[in-house]
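Source file start_34.txt; content: compact mmCIF, C-alpha atoms.
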# COMPACT_ATOMS: atom_id res chain seq x y z
CA MET A 35 19.23 18.22 40.27
CA ALA A 36 17.65 15.21 41.78
CA GLN A 37 17.33 12.25 39.47
CA ILE A 38 13.87 10.80 39.31
CA PRO A 39 14.20 7.16 40.29
CA VAL A 40 13.25 4.70 37.62
CA GLN A 41 10.01 3.01 38.41
CA THR A 42 10.17 -0.73 38.56
CA ILE A 43 7.06 -2.80 38.78
CA HIS A 44 7.30 -6.46 39.57
CA ARG A 45 4.97 -8.32 37.34
CA ASP A 46 3.97 -11.92 37.41
CA PRO A 47 5.66 -13.70 34.48
CA GLN A 48 2.36 -15.50 33.98
CA LEU A 49 1.09 -12.21 32.51
CA PHE A 50 3.23 -12.87 29.46
CA TYR A 51 1.98 -16.38 28.93
CA TRP A 52 -1.69 -15.62 29.44
CA ILE A 53 -2.07 -12.12 28.02
CA LEU A 54 0.76 -10.89 25.84
CA ILE A 55 1.30 -14.02 23.80
CA PRO A 56 -2.44 -14.79 23.33
CA ILE A 57 -3.13 -11.26 22.10
CA THR A 58 -0.24 -11.39 19.65
CA VAL A 59 -1.15 -14.84 18.34
CA VAL A 60 -4.81 -13.86 17.99
CA MET A 61 -3.87 -10.72 16.09
CA ILE A 62 -1.70 -12.66 13.64
CA LEU A 63 -4.32 -15.36 13.14
CA THR A 64 -7.04 -12.76 12.64
CA GLY A 65 -4.94 -11.12 9.95
CA ILE A 66 -4.50 -14.43 8.16
CA LEU A 67 -8.19 -15.21 8.51
CA ARG A 68 -9.13 -11.80 7.13
CA HIS A 69 -6.82 -12.35 4.17
CA TYR A 70 -8.38 -15.66 3.26
CA ALA A 71 -11.90 -14.42 3.96
CA THR A 72 -11.31 -11.57 1.53
CA VAL A 73 -9.95 -13.98 -1.05
CA LEU A 74 -12.92 -16.32 -0.66
CA MET A 75 -15.54 -13.60 -0.64
CA ALA A 76 -14.22 -11.94 -3.76
CA THR A 77 -16.99 -12.38 -6.28
CA THR A 78 -16.00 -13.46 -9.73
CA PRO A 79 -16.79 -10.68 -12.19
CA LYS A 80 -20.22 -11.18 -13.66
CA LYS A 81 -20.30 -12.26 -17.27
CA GLN A 82 -21.17 -9.27 -19.36
CA GLU A 83 -23.10 -9.00 -22.55
CA LEU A 84 -21.30 -8.55 -25.84
CA PRO A 85 -22.28 -4.89 -26.42
CA ALA A 86 -21.16 -3.92 -22.91
CA ILE A 87 -17.76 -5.55 -23.40
CA ARG A 88 -17.40 -3.90 -26.79
CA GLU A 89 -18.16 -0.51 -25.27
CA GLN A 90 -15.46 -0.91 -22.62
CA ARG A 91 -12.84 -2.45 -24.86
CA SER A 92 -13.16 0.11 -27.61
CA LEU A 93 -12.70 2.90 -25.09
CA LEU A 94 -9.63 1.11 -23.75
CA ARG A 95 -8.37 0.77 -27.28
CA GLY A 96 -8.45 4.53 -27.70
CA ILE A 97 -6.60 5.00 -24.43
CA ASN A 98 -3.96 2.47 -25.41
CA LEU A 99 -3.51 4.15 -28.76
CA ARG A 100 -3.02 7.45 -26.98
CA THR A 101 -0.38 6.11 -24.57
CA ASN A 102 1.57 4.18 -27.19
CA ALA A 103 1.13 6.64 -30.04
CA ASN A 104 4.84 7.25 -30.42
CA ALA A 105 5.61 3.63 -31.16
CA ILE A 106 3.85 3.52 -34.53
CA SER A 107 4.49 5.38 -37.73
CA PRO A 108 2.56 8.58 -38.49
CA VAL A 109 0.62 6.94 -41.32
CA SER A 110 -0.71 4.09 -39.20
CA PHE A 111 -1.41 6.42 -36.31
CA GLN A 112 -3.40 8.69 -38.60
CA ALA A 113 -5.44 5.76 -39.93
CA ARG A 114 -6.26 4.48 -36.43
CA LYS A 115 -7.04 7.96 -35.18
CA ASP A 116 -9.41 8.69 -38.06
CA TYR A 117 -11.28 5.45 -37.56
CA LEU A 118 -11.58 5.74 -33.78
CA VAL A 119 -12.48 9.42 -33.64
CA ASN A 120 -15.13 8.95 -36.28
CA ALA A 121 -16.63 5.94 -34.54
CA TYR A 122 -16.52 7.63 -31.12
CA GLU A 123 -18.29 10.71 -32.35
CA LYS A 124 -21.00 8.76 -34.09
CA GLY A 125 -21.40 6.52 -31.07
CA ASP A 126 -20.87 3.26 -32.97
CA PHE A 127 -19.57 1.40 -29.94
CA LEU A 128 -22.31 2.39 -27.52
CA LYS A 129 -24.13 -0.35 -25.66
CA GLU A 130 -27.50 1.24 -26.37
CA PRO A 131 -27.07 3.51 -29.41
CA ASP A 132 -30.63 4.79 -29.25
CA LYS A 133 -30.17 6.08 -25.71
CA LYS A 134 -27.43 8.46 -26.78
CA GLY A 135 -27.80 11.88 -25.27
CA GLN A 136 -30.05 10.83 -22.42
CA ALA A 137 -29.06 11.27 -18.84
CA ALA A 138 -27.41 8.37 -17.07
CA PRO A 139 -29.78 6.23 -14.98
CA ASN A 140 -29.86 6.60 -11.24
CA PRO A 141 -27.13 4.31 -9.87
CA MET A 142 -29.37 3.21 -7.02
CA THR A 143 -31.87 1.54 -9.36
CA ASP A 144 -29.28 -0.16 -11.54
CA PRO A 145 -28.82 -3.78 -10.39
CA ALA A 146 -25.28 -3.93 -11.76
CA ALA A 147 -24.32 -0.98 -9.59
CA MET A 148 -25.80 -2.58 -6.49
CA GLU A 149 -23.47 -5.54 -7.05
CA GLY A 150 -20.44 -3.27 -6.80
CA MET A 151 -21.72 -1.64 -3.63
CA MET A 152 -22.28 -5.02 -2.03
CA GLY A 153 -18.64 -5.86 -2.73
CA MET A 154 -17.53 -2.70 -1.00
CA MET A 155 -19.78 -3.43 1.97
CA LYS A 156 -18.28 -6.91 2.30
CA GLY A 157 -14.77 -5.47 2.37
CA ASN A 158 -15.75 -3.03 5.10
CA MET A 159 -17.47 -5.76 7.09
CA ALA A 160 -14.40 -8.00 6.93
CA MET A 161 -12.50 -5.16 8.51
CA MET A 162 -15.02 -3.95 11.07
CA ILE A 163 -16.29 -7.20 12.59
CA PRO A 164 -12.95 -8.70 13.74
CA GLN A 165 -11.86 -5.32 15.06
CA THR A 166 -14.97 -4.94 17.19
CA LEU A 167 -14.83 -8.53 18.39
CA ILE A 168 -11.19 -8.40 19.45
CA MET A 169 -11.61 -5.03 21.13
CA GLY A 170 -14.52 -6.45 23.13
CA TRP A 171 -12.60 -9.61 23.94
CA ILE A 172 -9.58 -7.72 25.25
CA ASN A 173 -11.75 -5.31 27.21
CA ALA A 174 -13.72 -8.14 28.78
CA PHE A 175 -10.83 -10.36 29.79
CA PHE A 176 -7.65 -8.37 29.99
CA SER A 177 -8.56 -4.84 30.95
CA GLY A 178 -6.65 -3.33 33.82
CA PHE A 179 -3.41 -5.27 33.56
CA VAL A 180 -0.12 -3.46 33.26
CA MET A 181 1.76 -5.51 30.78
CA ILE A 182 4.88 -4.16 29.29
CA LYS A 183 7.14 -1.13 29.30
CA LEU A 184 7.92 0.87 26.21
CA PRO A 185 11.65 1.24 25.71
CA PHE A 186 11.38 4.96 24.95
CA PRO A 187 9.99 7.78 27.08
CA LEU A 188 6.72 9.49 26.28
CA THR A 189 5.07 12.65 27.50
CA ILE A 190 2.26 12.61 30.03
CA LYS A 191 -0.31 13.16 27.28
CA PHE A 192 -0.02 9.55 26.21
CA LYS A 193 -0.98 8.30 29.65
CA SER A 194 -4.72 8.19 29.07
CA MET A 195 -4.23 6.41 25.77
CA LEU A 196 -1.69 3.80 26.78
CA GLN A 197 -2.99 3.10 30.26
CA ALA A 198 -6.66 2.81 29.51
CA GLY A 199 -8.33 0.94 32.32
CA VAL A 200 -5.44 1.43 34.75
CA ALA A 201 -6.24 4.34 36.98
CA THR A 202 -2.94 4.95 38.71
CA ARG A 203 -1.98 8.58 38.84
CA ASP A 204 1.77 8.46 39.36
CA MET A 205 2.68 5.64 37.05
CA ASP A 206 5.17 6.43 34.33
CA PRO A 207 3.45 6.78 30.91
CA GLN A 208 5.89 4.24 29.51
CA TRP A 209 3.94 1.42 31.06
CA MET A 210 1.36 -0.05 28.76
CA SER A 211 -1.89 -1.83 29.36
CA SER A 212 -3.10 -4.74 27.25
CA ILE A 213 -5.34 -2.57 25.08
CA SER A 214 -2.38 -0.48 23.97
CA TRP A 215 -0.42 -3.59 23.12
CA TYR A 216 -3.33 -4.41 20.83
CA VAL A 217 -3.04 -0.99 19.20
CA LEU A 218 0.69 -1.47 18.75
CA CYS A 219 0.01 -4.83 17.12
CA ILE A 220 -2.36 -3.26 14.61
CA PHE A 221 0.36 -0.92 13.43
CA GLY A 222 3.33 -3.19 13.66
CA LEU A 223 2.18 -6.53 12.29
CA GLN A 224 2.22 -5.37 8.67
CA SER A 225 5.71 -6.72 8.19
CA VAL A 226 4.75 -10.10 9.64
CA PHE A 227 1.84 -10.35 7.21
CA ASN A 228 4.11 -9.31 4.36
CA TYR A 229 6.37 -12.16 5.25
CA LEU A 230 3.63 -14.72 5.74
CA LEU A 231 1.22 -13.90 2.95
CA GLY A 232 3.16 -11.97 0.34
CA SER A 233 3.00 -8.28 -0.22
CA ASP A 234 -0.44 -8.16 -1.86
CA ASN A 235 -2.27 -9.44 1.18
CA ALA A 236 -5.51 -8.12 2.56
CA ALA A 237 -4.63 -8.89 6.15
CA SER A 238 -3.68 -5.51 7.47
CA GLN A 239 -6.21 -2.93 8.45
CA MET A 240 -3.72 -0.23 7.64
CA ALA A 241 -3.43 -1.36 4.04
CA GLN A 242 -7.20 -1.48 3.72
CA GLN A 243 -7.56 2.07 4.89
CA MET A 244 -4.84 3.21 2.52
CA GLY A 245 -6.65 1.49 -0.32
CA GLN A 246 -9.86 3.32 0.40
CA MET A 247 -8.19 6.69 0.13
CA GLY A 248 -7.01 6.19 -3.42
CA PRO A 249 -9.65 4.26 -5.32
CA GLY A 250 -8.46 2.41 -8.38
CA ALA A 251 -8.76 4.16 -11.70
CA GLY A 252 -10.27 1.08 -13.29
CA ALA A 253 -13.25 1.04 -10.98
CA GLN A 254 -13.96 4.67 -11.66
CA MET A 255 -13.93 4.40 -15.40
CA PHE A 256 -16.91 2.17 -15.98
CA GLY A 257 -18.57 2.89 -12.69
CA PRO A 258 -22.28 3.44 -12.33
CA GLY A 259 -23.71 6.79 -13.19
CA VAL A 260 -21.06 7.62 -15.78
CA ASP A 261 -22.39 8.38 -19.23
CA PRO A 262 -20.35 6.29 -21.70
CA ASP A 263 -21.20 8.65 -24.53
CA LYS A 264 -19.53 11.53 -22.68
CA GLN A 265 -16.44 9.38 -22.14
CA PHE A 266 -16.31 8.57 -25.83
CA GLN A 267 -16.59 12.22 -26.78
CA ALA A 268 -13.81 13.16 -24.36
CA GLU A 269 -11.58 10.40 -25.67
CA ALA A 270 -12.21 11.48 -29.28
CA GLU A 271 -11.15 14.99 -28.34
CA ASN A 272 -8.03 13.71 -26.58
CA LEU A 273 -7.06 11.67 -29.60
CA SER A 274 -7.57 14.43 -32.11
CA VAL A 275 -5.43 16.96 -30.24
CA LEU A 276 -2.60 14.50 -29.57
CA ALA A 277 0.75 15.52 -31.05
CA GLN A 278 2.37 12.32 -32.20
CA GLU A 279 6.10 12.06 -32.63
CA TYR A 280 7.48 8.85 -34.07
CA THR A 281 10.23 7.37 -31.90
CA LEU A 282 12.15 5.95 -34.84
CA VAL A 283 12.64 9.37 -36.46
CA GLY A 284 16.38 9.94 -36.70
CA VAL A 285 17.21 6.47 -35.44
CA GLU A 286 20.04 6.14 -37.99
CA GLU A 287 21.92 9.09 -36.55
CA ARG A 288 21.42 7.85 -33.01
CA LEU A 289 22.74 4.43 -33.97
CA LEU A 290 25.76 5.84 -35.75
CA GLU A 291 26.59 8.02 -32.76
CA THR A 292 27.00 4.91 -30.62
CA VAL A 293 29.51 3.37 -33.05
CA ARG A 294 33.11 4.34 -32.43
CA VAL A 295 35.22 4.37 -35.55
CA MET B 43 15.87 15.03 -15.52
CA LEU B 44 15.10 13.19 -18.70
CA THR B 45 13.28 14.99 -21.46
CA GLU B 46 10.14 13.54 -22.90
CA ARG B 47 11.90 12.45 -26.07
CA GLU B 48 14.67 10.64 -24.22
CA LEU B 49 12.04 8.94 -22.10
CA GLN B 50 10.41 7.63 -25.26
CA ILE B 51 13.71 6.28 -26.58
CA ASN B 52 14.73 4.65 -23.31
CA PRO B 53 11.41 4.03 -21.57
CA ILE B 54 11.13 3.34 -17.86
CA VAL B 55 8.93 0.30 -17.50
CA GLN B 56 6.39 0.97 -14.79
CA GLU B 57 6.05 -2.69 -13.82
CA SER B 58 9.77 -3.06 -13.24
CA VAL B 59 9.93 0.03 -11.04
CA LEU B 60 6.95 -1.28 -9.07
CA HIS B 61 8.57 -4.67 -8.68
CA ASN B 62 11.81 -3.12 -7.44
CA THR B 63 10.00 -0.97 -4.92
CA LYS B 64 7.98 -3.93 -3.68
CA THR B 65 11.06 -6.08 -3.22
CA LEU B 66 12.79 -3.32 -1.30
CA THR B 67 9.73 -2.80 0.90
CA THR B 68 9.61 -6.49 1.78
CA LEU B 69 13.30 -6.47 2.61
CA HIS B 70 12.98 -3.39 4.80
CA ASN B 71 9.92 -4.70 6.62
CA LEU B 72 11.61 -7.97 7.41
CA THR B 73 14.93 -6.51 8.48
CA ALA B 74 13.20 -3.83 10.59
CA SER B 75 11.52 -6.54 12.66
CA LEU B 76 14.85 -8.32 13.10
CA PHE B 77 16.56 -5.07 14.14
CA GLY B 78 13.78 -4.66 16.69
CA VAL B 79 14.61 -8.08 18.12
CA GLY B 80 18.26 -7.08 18.30
CA ALA B 81 17.57 -3.75 19.95
CA GLY B 82 15.24 -5.37 22.46
CA ILE B 83 17.72 -8.06 23.45
CA LEU B 84 20.49 -5.51 23.81
CA GLY B 85 18.16 -3.52 26.05
CA LEU B 86 18.56 -0.23 24.23
CA GLU B 87 16.42 2.63 25.47
CA SER B 88 14.98 5.81 23.94
CA TYR B 89 17.31 7.57 21.49
CA LEU B 90 19.84 4.74 21.41
CA GLY B 91 17.24 2.38 19.98
CA PHE B 92 16.16 4.75 17.23
CA VAL B 93 19.78 5.49 16.34
CA PHE B 94 20.37 1.73 16.20
CA TYR B 95 17.47 1.38 13.79
CA LEU B 96 18.63 4.30 11.65
CA ILE B 97 22.20 3.03 11.36
CA PHE B 98 21.24 -0.54 10.59
CA SER B 99 18.61 0.28 7.99
CA LEU B 100 21.10 2.61 6.29
CA ILE B 101 23.58 -0.27 6.30
CA THR B 102 20.93 -2.46 4.65
CA SER B 103 20.37 0.16 1.98
CA ALA B 104 24.12 0.47 1.49
CA LEU B 105 24.43 -3.28 0.99
CA VAL B 106 21.62 -3.23 -1.57
CA TYR B 107 23.34 -0.31 -3.27
CA ALA B 108 26.70 -2.06 -3.34
CA PHE B 109 25.62 -5.51 -4.42
CA ARG B 110 22.39 -5.10 -6.36
CA VAL B 111 22.43 -1.61 -7.83
CA ARG B 112 25.66 -1.07 -9.65
CA PRO B 113 27.00 2.40 -8.95
CA GLY B 114 26.23 4.89 -11.66
CA ILE B 115 23.04 3.35 -12.99
CA VAL B 116 20.84 3.82 -9.95
CA LYS B 117 18.62 6.23 -11.94
CA GLU B 118 17.52 3.48 -14.28
CA TYR B 119 15.89 1.47 -11.55
CA PHE B 120 14.61 4.03 -9.10
CA ARG B 121 13.15 7.40 -9.81
CA SER B 122 15.77 9.01 -7.63
CA SER B 123 18.45 7.68 -5.38
CA ILE B 124 16.63 9.25 -2.41
CA GLU B 125 14.01 6.56 -2.85
CA LEU B 126 16.59 3.85 -2.30
CA TRP B 127 18.06 5.40 0.81
CA THR B 128 14.99 6.54 2.70
CA GLY B 129 12.23 4.46 1.10
CA GLY B 130 12.10 1.70 3.66
CA LEU B 131 12.98 3.81 6.64
CA PHE B 132 9.44 4.81 7.59
CA GLU B 133 7.68 1.65 6.48
CA GLY B 134 9.79 -0.47 8.77
CA LEU B 135 9.54 1.80 11.78
CA SER B 136 6.25 0.46 13.16
CA GLY B 137 7.43 -3.13 12.89
CA PHE B 138 10.66 -2.15 14.59
CA VAL B 139 8.84 -0.51 17.51
CA LEU B 140 6.62 -3.57 17.93
CA THR B 141 9.39 -6.16 18.16
CA TRP B 142 11.63 -3.81 20.11
CA THR B 143 8.94 -3.36 22.75
CA LEU B 144 8.13 -7.06 22.82
CA PHE B 145 11.69 -8.26 23.28
CA TYR B 146 12.60 -5.44 25.63
CA GLY B 147 9.66 -6.45 27.77
CA LEU B 148 10.50 -10.14 27.60
CA VAL B 149 14.17 -9.71 28.42
CA ARG B 150 13.90 -7.01 31.08
CA ALA B 151 10.78 -8.30 32.74
Rendering of file as structure tokens:
Amino acid sequence: MAQIPVQTIHRDPQLFYWILIPITVVMILTGILRHYATVLMATTPKKQELPAIREQRSLLRGINLRTNANAISPVSFQARKDYLVNAYEKGDFLKEPDKKGQAAPNPMTDPAAMEGMMGMMKGNMAMMIPQTLIMGWINAFFSGFVMIKLPFPLTIKFKSMLQAGVATRDMDPQWMSSISWYVLCIFGLQSVFNYLLGSDNAASQMAQQMGQMGPGAGAQMFGPGVDPDKQFQAEAENLSVLAQEYTLVGVEERLLETVRV
Amino acid sequence: MLTERELQINPIVQESVLHNTKTLTTLHNLTASLFGVGAGILGLESYLGFVFYLIFSLITSALVYAFRVRPGIVKEYFRSSIELWTGGLFEGLSGFVLTWTLFYGLVRA
């Protein structure tokens, strides 16, 4: 069988200095800029009124009691449970006790809810704007250059993706144009950002998209449109059906088992 | 698998597990980029490069296992030993491909 000769393309080394390195540097700097922009734009949580804090904290107290129930003795658990369940069911901790039983207000009209949505918008903007700008910049200046060769073979399907802007029919799909180097940078620079900015950085677009898929539980809990009274009732039910088993029961036997005579 | 009662007596602290995983991820990310530099300078192509990456990241995991995780107690720090061996393999891959391509292009240009 005839061996297909390996394509070699002689490229000007200036391509590296004026395209490859600028794109890489710009990508890294954009990531760092995005990280610090996110840090600076993060709004400090608005100071809340006393009843609102009490409502949240007392619900959290029930949840903490439920998770750590096994660490306290049955008597003290019973006392805490009785107090909390009673108070939850009567609605003692509610922000507006007289509004109990009414439907939750429309989240669109609530100013506190708008604040949260603005925060989300800002996060999206910090991701979208640099992406659009850099895409436009690369398309305007560097489109149509064959830059670099991938060290592993690809099927012909990848040709239209990797060689965007280079309309050469017989070129091996391993050759990449500048726009695909940009795409490779998006995926691969995560480790560089991890090294530069620590692992909790906001630099990578990948991490941002991951974060949107699994929203934090904390944001959901006191989010707009959730009726706190319903949450209290559910928590009261959870507490009252909880089977508590004290961890220290039988601790003497367990201790003696570890002692060799 | 631990029963619920044993888990209460010897609890797994979520923060510590998270910290361990994070440290391992950082290590794998960093070493993957360096392996990419190595593979690119050596001029490895196609399967050879991926095999290079596989072998060297397994060696990294083995070193962590030998020096940081004393044999026999791996369960106390990771949910399963699979997590230690394969955890960083996929996270590092994109960084590896990036630096591999870059240095391959620079050296073989």
Dump as a Markdown table the rows for residues of chain B within 6 Å of chain A: closest atom pair and distance in Å with one decimal, only C-alpha atoms counted, ordered by chain and rising residue number.
| residue | atom | partner | partner_atom | distance |
| --- | --- | --- | --- | --- |
| B:Asn71 | CA | A:Ser225 | CA | 4.9 |
| B:Glu87 | CA | A:Pro185 | CA | 5.0 |
| B:Ser88 | CA | A:Phe186 | CA | 3.8 |
| B:Ser136 | CA | A:Gly222 | CA | 4.7 |
| B:Gly137 | CA | A:Gly222 | CA | 4.2 |
| B:Leu140 | CA | A:Gly222 | CA | 5.4 |
| B:Thr143 | CA | A:Leu184 | CA | 5.6 |
| B:Gly147 | CA | A:Ile182 | CA | 5.5 |
Open item on the list: Would you compute the distance between CA of Leu231 (chain A) and CA of Phe77 (chain B)? Give it in Å to one decimal.
Closed with: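 It comes out at 20.9 Å.
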TODO: Compare A:Leu196, A:Val283, A:Val217, A:Ile87 by their minimum atom-to-atom distance to Val180 (chain A), counting only C-alpha atoms, and give me the closest one.
DONE: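 Among A:Leu196, A:Val283, A:Val217, A:Ile87, it is A:Leu196 that comes nearest to Val180 (chain A).
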Shell around Trp142 (chain B) at 6 Å using only C-alpha atoms, local window under 4 positions removed, as a short mmCIF file (atom, residue, chain, number, x, y, z; two decimals) with C-alpha atoms, keeping the file's coordinate frame:
data_model
loop_
_atom_site.label_atom_id
_atom_site.label_comp_id
_atom_site.auth_asym_id
_atom_site.auth_seq_id
_atom_site.Cartn_x
_atom_site.Cartn_y
_atom_site.Cartn_z
CA GLY B 78 13.78 -4.66 16.69
CA VAL B 79 14.61 -8.08 18.12
CA ALA B 81 17.57 -3.75 19.95
CA GLY B 82 15.24 -5.37 22.46
CA PHE B 138 10.66 -2.15 14.59
CA TYR B 146 12.60 -5.44 25.63
#
- [ ] Enter the distance from CA of Glu269 (chain A) to CA of Val109 (chain A), in Å, rounded to one decimal.
- [x]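 Calculated distance between CA of Glu269 (chain A) and CA of Val109 (chain A) is 20.1 Å.
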Task: Among the residues A:Arg294, A:Arg288, A:Leu63, A:Ala277, the one that comes closest to Pro164 (chain A) [using all atoms listed in the file] - done: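 Among the listed residues, the smallest separation from Pro164 (chain A) belongs to A:Leu63.
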Task: Distance in Å - CA of Leu74 (chain A) versus CA of Arg88 (chain A) - done: 29.3 Å
TODO: May I ask which of the residues A:Glu83, A:Arg68, A:Ile57, A:Glu286 is the closest one to Ser214 (chain A), counting all atoms listed in the file?
DONE: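 Residue with the minimum atom-to-atom distance to Ser214 (chain A): A:Ile57.
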Task: Residue with smallest distance to Tyr95 (chain B) - pool B:Ile83, B:Leu131, B:Leu144, B:Leu72, counting all atoms listed in the file - done: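 Closest candidate: B:Leu131.
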From (-14.1, 11.8, -27.1), in the file's coordinates, out to 12 Å: which residues are reached, counting all atoms listed in the file? Answer as a PDB file with C-alpha atoms, in the coordinates of the input.
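Saved result, point-v2.pdb, follows:
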ATOM      1  CA  SER A  92     -13.160   0.110 -27.610  1.00  0.00           C
ATOM      2  CA  LEU A  93     -12.700   2.900 -25.090  1.00  0.00           C
ATOM      3  CA  GLY A  96      -8.450   4.530 -27.700  1.00  0.00           C
ATOM      4  CA  ILE A  97      -6.600   5.000 -24.430  1.00  0.00           C
ATOM      5  CA  ARG A 100      -3.020   7.450 -26.980  1.00  0.00           C
ATOM      6  CA  LYS A 115      -7.040   7.960 -35.180  1.00  0.00           C
ATOM      7  CA  LEU A 118     -11.580   5.740 -33.780  1.00  0.00           C
ATOM      8  CA  VAL A 119     -12.480   9.420 -33.640  1.00  0.00           C
ATOM      9  CA  ASN A 120     -15.130   8.950 -36.280  1.00  0.00           C
ATOM     10  CA  ALA A 121     -16.630   5.940 -34.540  1.00  0.00           C
ATOM     11  CA  TYR A 122     -16.520   7.630 -31.120  1.00  0.00           C
ATOM     12  CA  GLU A 123     -18.290  10.710 -32.350  1.00  0.00           C
ATOM     13  CA  LYS A 124     -21.000   8.760 -34.090  1.00  0.00           C
ATOM     14  CA  GLY A 125     -21.400   6.520 -31.070  1.00  0.00           C
ATOM     15  CA  ASP A 261     -22.390   8.380 -19.230  1.00  0.00           C
ATOM     16  CA  PRO A 262     -20.350   6.290 -21.700  1.00  0.00           C
ATOM     17  CA  ASP A 263     -21.200   8.650 -24.530  1.00  0.00           C
ATOM     18  CA  LYS A 264     -19.530  11.530 -22.680  1.00  0.00           C
ATOM     19  CA  GLN A 265     -16.440   9.380 -22.140  1.00  0.00           C
ATOM     20  CA  PHE A 266     -16.310   8.570 -25.830  1.00  0.00           C
ATOM     21  CA  GLN A 267     -16.590  12.220 -26.780  1.00  0.00           C
ATOM     22  CA  ALA A 268     -13.810  13.160 -24.360  1.00  0.00           C
ATOM     23  CA  GLU A 269     -11.580  10.400 -25.670  1.00  0.00           C
ATOM     24  CA  ALA A 270     -12.210  11.480 -29.280  1.00  0.00           C
ATOM     25  CA  GLU A 271     -11.150  14.990 -28.340  1.00  0.00           C
ATOM     26  CA  ASN A 272      -8.030  13.710 -26.580  1.00  0.00           C
ATOM     27  CA  LEU A 273      -7.060  11.670 -29.600  1.00  0.00           C
ATOM     28  CA  SER A 274      -7.570  14.430 -32.110  1.00  0.00           C
ATOM     29  CA  VAL A 275      -5.430  16.960 -30.240  1.00  0.00           C
TER      30      VAL A 275
END
- [ ] Tell me which of B:His70, B:Trp127, B:Gly134, B:Ser75 sits closest to Tyr107 (chain B), counting all atoms listed in the file.
- [x]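 The shortest atom-to-atom distance to Tyr107 (chain B) comes from B:Trp127.
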TODO: Counting only C-alpha atoms, note down every residue that has an atom within 12 Å of the point (11.2, -2.5, 0.5) (file coordinates), as an NGL selection string.
DONE: (:A and (225 or 228-229 or 233)) or (:B and (59-74 or 99 or 102-103 or 106 or 125-134))
